[in-house]
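> Structure supplied as coords13.tsv; contents: TSV, C-alpha atoms.
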chain	number	residue	atom	x	y	z
A	1	MET	CA	106.18	216.01	-38.81
A	2	SER	CA	108.30	213.37	-40.56
A	3	LYS	CA	108.69	209.90	-39.08
A	4	ARG	CA	112.47	210.33	-38.79
A	5	PHE	CA	112.07	213.58	-36.88
A	6	SER	CA	109.43	212.03	-34.57
A	7	ASN	CA	111.65	209.04	-33.81
A	8	ILE	CA	114.58	211.29	-32.94
A	9	LEU	CA	112.41	213.36	-30.60
A	10	ILE	CA	111.11	210.21	-28.89
A	11	GLU	CA	114.68	208.94	-28.51
A	12	ARG	CA	115.72	212.28	-27.03
A	13	GLU	CA	112.80	212.25	-24.58
A	14	GLN	CA	113.80	208.75	-23.48
A	15	LEU	CA	117.37	210.01	-23.11
A	16	TYR	CA	116.03	212.70	-20.82
A	17	VAL	CA	114.23	210.14	-18.69
A	18	VAL	CA	117.03	207.57	-18.65
A	19	THR	CA	120.03	209.85	-18.19
A	20	ARG	CA	118.99	211.96	-15.23
A	21	PRO	CA	115.49	211.32	-13.98
A	22	HIS	CA	116.44	212.72	-10.56
A	23	CYS	CA	117.73	216.02	-11.94
A	24	TRP	CA	114.98	217.55	-14.01
A	25	VAL	CA	116.75	220.90	-14.61
A	26	GLU	CA	119.81	219.36	-16.30
A	27	GLY	CA	117.62	216.91	-18.22
A	28	TYR	CA	115.37	219.71	-19.36
A	29	LEU	CA	118.36	221.77	-20.56
A	30	LEU	CA	119.90	218.75	-22.29
A	31	TYR	CA	116.64	217.93	-24.02
A	32	HIS	CA	116.14	221.47	-25.28
A	33	HIS	CA	119.79	221.81	-26.34
A	34	LEU	CA	119.53	218.63	-28.40
A	35	SER	CA	116.17	219.67	-29.82
A	36	LEU	CA	117.54	223.08	-30.81
A	37	SER	CA	120.62	221.62	-32.52
A	38	LEU	CA	118.42	219.08	-34.30
A	39	SER	CA	116.00	221.72	-35.50
A	40	LEU	CA	118.89	223.89	-36.72
A	41	SER	CA	120.42	221.03	-38.66
A	42	LEU	CA	117.04	220.06	-40.12
A	43	SER	CA	116.40	223.63	-41.22
A	44	LEU	CA	119.59	223.82	-43.30
A	45	PRO	CA	119.14	223.18	-47.01
A	46	LEU	CA	120.53	219.85	-48.18
A	47	TRP	CA	123.42	221.47	-50.09
A	48	GLN	CA	124.64	223.20	-46.91
A	49	LYS	CA	124.46	220.01	-44.84
A	50	GLU	CA	126.74	218.23	-47.28
A	51	THR	CA	129.14	221.07	-48.07
A	52	MET	CA	129.59	222.49	-44.57
A	53	PRO	CA	131.80	219.55	-43.43
A	54	ILE	CA	133.71	219.70	-46.72
A	55	ALA	CA	134.31	223.44	-46.31
A	56	LEU	CA	135.47	222.91	-42.73
A	57	LEU	CA	137.75	220.10	-43.87
A	58	ARG	CA	139.24	222.37	-46.56
A	59	ILE	CA	139.92	225.09	-44.00
A	60	VAL	CA	141.60	222.65	-41.60
A	61	LEU	CA	143.68	221.11	-44.38
A	62	GLY	CA	144.69	224.58	-45.60
A	63	LEU	CA	145.82	225.57	-42.13
A	64	LEU	CA	147.77	222.34	-41.75
A	65	LEU	CA	149.43	222.92	-45.10
A	66	LEU	CA	150.35	226.46	-44.12
A	67	VAL	CA	151.85	225.32	-40.83
A	68	SER	CA	153.75	222.40	-42.33
A	69	THR	CA	155.22	224.21	-45.33
A	70	GLY	CA	158.36	226.28	-45.31
A	71	THR	CA	157.19	229.25	-43.33
A	72	LYS	CA	160.10	231.06	-41.79
A	73	SER	CA	160.41	231.84	-38.14
A	74	ALA	CA	161.61	235.26	-36.99
A	75	GLY	CA	165.26	234.20	-37.03
A	76	GLU	CA	165.18	232.66	-40.50
A	77	PHE	CA	164.33	235.64	-42.68
A	78	GLU	CA	166.98	236.67	-45.16
A	79	GLN	CA	168.69	239.74	-43.80
A	80	TRP	CA	171.39	241.98	-45.16
A	81	CYS	CA	173.39	244.71	-43.45
A	82	ILE	CA	173.48	248.04	-45.30
A	83	ALA	CA	174.63	251.58	-44.63
A	84	ASP	CA	172.08	253.81	-42.91
A	85	GLU	CA	171.05	256.63	-45.26
A	86	GLN	CA	171.25	259.22	-42.45
A	87	THR	CA	174.89	258.51	-41.63
A	88	PRO	CA	177.44	261.09	-42.87
A	89	ASP	CA	180.02	259.90	-45.41
A	90	ASP	CA	182.99	260.34	-43.05
A	91	GLU	CA	181.41	257.91	-40.53
A	92	LEU	CA	180.63	255.48	-43.33
A	93	GLN	CA	184.23	255.68	-44.53
A	94	ALA	CA	185.47	254.90	-41.01
A	95	GLY	CA	183.17	251.85	-41.04
A	96	ILE	CA	184.52	250.74	-44.43
A	97	ASP	CA	188.11	251.13	-43.22
A	98	TRP	CA	187.43	248.99	-40.14
A	99	ALA	CA	185.34	246.33	-41.94
A	100	CYS	CA	187.79	245.91	-44.81
A	101	GLY	CA	190.83	246.03	-42.52
A	102	GLU	CA	190.69	244.82	-38.94
A	103	GLY	CA	187.13	243.47	-39.37
A	104	GLY	CA	188.14	240.89	-41.97
A	105	ALA	CA	185.51	241.60	-44.64
A	106	ASP	CA	186.37	240.73	-48.25
A	107	CYS	CA	186.18	244.11	-50.01
A	108	SER	CA	187.77	243.03	-53.28
A	109	LYS	CA	184.46	243.41	-55.18
A	110	ILE	CA	184.25	247.16	-54.45
A	111	GLN	CA	187.64	247.86	-56.07
A	112	VAL	CA	187.92	249.64	-59.44
A	113	ASN	CA	186.64	247.50	-62.38
A	114	LYS	CA	185.07	244.92	-60.04
A	115	PRO	CA	181.33	244.01	-60.01
A	116	CYS	CA	180.37	246.20	-57.01
A	117	TYR	CA	182.51	249.25	-57.71
A	118	LEU	CA	179.62	251.08	-59.39
A	119	PRO	CA	177.88	253.12	-58.23
A	120	ASN	CA	181.05	254.64	-56.85
A	121	THR	CA	179.64	256.18	-53.68
A	122	VAL	CA	180.77	255.87	-50.10
A	123	ARG	CA	177.27	254.71	-49.12
A	124	ASP	CA	177.18	251.87	-51.69
A	125	HIS	CA	180.70	250.72	-50.86
A	126	ALA	CA	179.90	250.85	-47.14
A	127	SER	CA	176.77	248.76	-47.67
A	128	TYR	CA	178.75	246.09	-49.49
A	129	ALA	CA	181.55	246.06	-46.90
A	130	PHE	CA	179.15	246.05	-43.94
A	131	ASN	CA	177.13	243.19	-45.41
A	132	ASN	CA	180.19	241.13	-46.25
A	133	TYR	CA	181.44	241.46	-42.69
A	134	TYR	CA	177.98	240.76	-41.21
A	135	GLN	CA	177.37	237.63	-43.31
A	136	LYS	CA	180.82	236.26	-42.46
A	137	PHE	CA	180.59	236.80	-38.72
A	138	LYS	CA	176.92	236.98	-37.71
A	139	ASN	CA	176.95	233.33	-36.62
A	140	LYS	CA	180.05	234.02	-34.51
A	141	GLY	CA	178.70	237.08	-32.69
A	142	GLY	CA	179.31	239.73	-35.38
A	143	THR	CA	176.68	242.46	-35.56
A	144	CYS	CA	175.38	245.02	-38.03
A	145	TYR	CA	176.12	248.06	-35.91
A	146	PHE	CA	179.24	249.90	-37.11
A	147	ASN	CA	178.81	252.64	-34.48
A	148	GLY	CA	175.22	253.20	-35.61
A	149	ALA	CA	176.16	253.61	-39.28
A	150	ALA	CA	174.44	250.41	-40.45
A	151	MET	CA	171.01	248.79	-40.38
A	152	ILE	CA	169.36	245.47	-41.21
A	153	THR	CA	167.13	245.08	-44.26
A	154	GLU	CA	165.12	242.15	-45.57
A	155	LEU	CA	165.24	243.51	-49.12
A	156	ASP	CA	168.13	242.10	-51.12
A	157	PRO	CA	170.39	245.08	-51.96
A	158	SER	CA	172.02	243.25	-54.90
A	159	HIS	CA	171.97	245.20	-58.16
A	160	ASN	CA	173.13	244.59	-61.72
A	161	SER	CA	176.23	242.35	-61.52
A	162	CYS	CA	176.82	243.18	-57.84
A	163	HIS	CA	175.63	240.30	-55.67
A	164	TYR	CA	175.32	240.78	-51.90
A	165	ASP	CA	175.93	237.52	-50.09
A	166	PHE	CA	173.39	236.00	-47.74
A	167	ILE	CA	174.54	233.21	-45.44
A	168	PRO	CA	171.81	231.49	-43.36
So, in terms of C-alpha cells, how does the structure I just supplied come out?

Amino acid sequence: MSKRFSNILIEREQLYVVTRPHCWVEGYLLYHHLSLSLSLSLSLPLWQKETMPIALLRIVLGLLLLVSTGTKSAGEFEQWCIADEQTPDDELQAGIDWACGEGGADCSKIQVNKPCYLPNTVRDHASYAFNNYYQKFKNKGGTCYFNGAAMITELDPSHNSCHYDFIP
C-alpha cells in the first residue's frame, strides 16, 4: 500500500471518529463511501484521471454554446403559407380572389410576364397570394386558413426568380 493511500485512509478514519463518534452507523457509511470513491479514483488509469474532467468541461461548454447561440424557439421558425394540395382548384381560386382583393395581398408578381406567373397553375398562384397575405398580416392577427385551403410550411416555396416573402 502506498504512503499516500495509507495517509488518506488514516485521515478518513480520523474523520469518522471526529465527525460523529456518537453515531456509528452514519460514520461507518461515510467512511465506506469515501473509501469506495477513493479506491475507484485510484483504480483509474492516469490518462483517464486527467482527461475525464476535460471531457466533462467540453460537454458543459458545448451545451452552453448550444443554448447561447441562435437557436430558434417555436415561434421563431421561418414559416410560409401555401395552398393545400388536397384543395380543389375552385376553392383555391376563391381564396386567390379574396386575398388579392378584399384581403389586401399584393398579387402583382403572379400577373403575366411577372416573376411568379410561371408555373401558371391555380395552386401556385394561390400559394403566392396566400403567403403574401399571411406575411403582411400575421403580426396583426391574419391567419393562414383560407377556409381550409391553405397550410403552413417551414420549407421555403421560392423557386427560380419567384421569391416568397418571409417577414419575422
> Calculate how many Å separate CA of Asn160 (chain A) from CA of Gln86 (chain A), rounding to one decimal.
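Computed distance, CA of Asn160 (chain A) to CA of Gln86 (chain A), equals 24.3 Å.
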> So how far away is CA of Phe77 (chain A) from CA of Asn120 (chain A), in Å?
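Computing it gives 29.0 Å between the two atoms.
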> Just to confirm, what's the straight-line distance from CA of Ile152 (chain A) to CA of Asp90 (chain A) in Å (one decimal)?
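Between these atoms lies a distance of 20.3 Å.
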> Which residue is closest to Ile82 (chain A)? Choose from A:Phe130, A:Tyr117, A:Tyr164, A:Tyr145 and count all atoms listed in the file.
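Closest to Ile82 (chain A), using all atoms listed in the file: A:Phe130.
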> For the point (176.5, 238.6, -38.6) in the file's frame, write as a PyMOL selection string all residues with an atom no more than 12 Å away, counting all atoms listed in the file.
chain A and resi 78-82+103+105+130-146+151-152+165-168
> Write to file, as a compact mmCIF listing (two decimals), in the coordinates of the input, the residues of the selection just made, with C-alpha atoms.

# COMPACT_ATOMS: atom_id res chain seq x y z
CA GLU A 78 166.98 236.67 -45.16
CA GLN A 79 168.69 239.74 -43.80
CA TRP A 80 171.39 241.98 -45.16
CA CYS A 81 173.39 244.71 -43.45
CA ILE A 82 173.48 248.04 -45.30
CA GLY A 103 187.13 243.47 -39.37
CA ALA A 105 185.51 241.60 -44.64
CA PHE A 130 179.15 246.05 -43.94
CA ASN A 131 177.13 243.19 -45.41
CA ASN A 132 180.19 241.13 -46.25
CA TYR A 133 181.44 241.46 -42.69
CA TYR A 134 177.98 240.76 -41.21
CA GLN A 135 177.37 237.63 -43.31
CA LYS A 136 180.82 236.26 -42.46
CA PHE A 137 180.59 236.80 -38.72
CA LYS A 138 176.92 236.98 -37.71
CA ASN A 139 176.95 233.33 -36.62
CA LYS A 140 180.05 234.02 -34.51
CA GLY A 141 178.70 237.08 -32.69
CA GLY A 142 179.31 239.73 -35.38
CA THR A 143 176.68 242.46 -35.56
CA CYS A 144 175.38 245.02 -38.03
CA TYR A 145 176.12 248.06 -35.91
CA PHE A 146 179.24 249.90 -37.11
CA MET A 151 171.01 248.79 -40.38
CA ILE A 152 169.36 245.47 -41.21
CA ASP A 165 175.93 237.52 -50.09
CA PHE A 166 173.39 236.00 -47.74
CA ILE A 167 174.54 233.21 -45.44
CA PRO A 168 171.81 231.49 -43.36
> Between A:Asn147, A:Thr153, A:Ser127, A:Thr87, which residue has the minimum interatomic distance to Cys100 (chain A), considering only C-alpha atoms?
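Using only C-alpha atoms, the shortest distance to Cys100 (chain A) belongs to A:Ser127.
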> Any chance you could work out the axis-aligned box around region 98-109 of chain A, listed atoms only, 6 Å on each side, giving centre and edge lengths in Å to one decimal, as JSON?

{"center_x": 187.6, "center_y": 244.9, "center_z": -47.1, "size_x": 18.4, "size_y": 20.3, "size_z": 28.2}
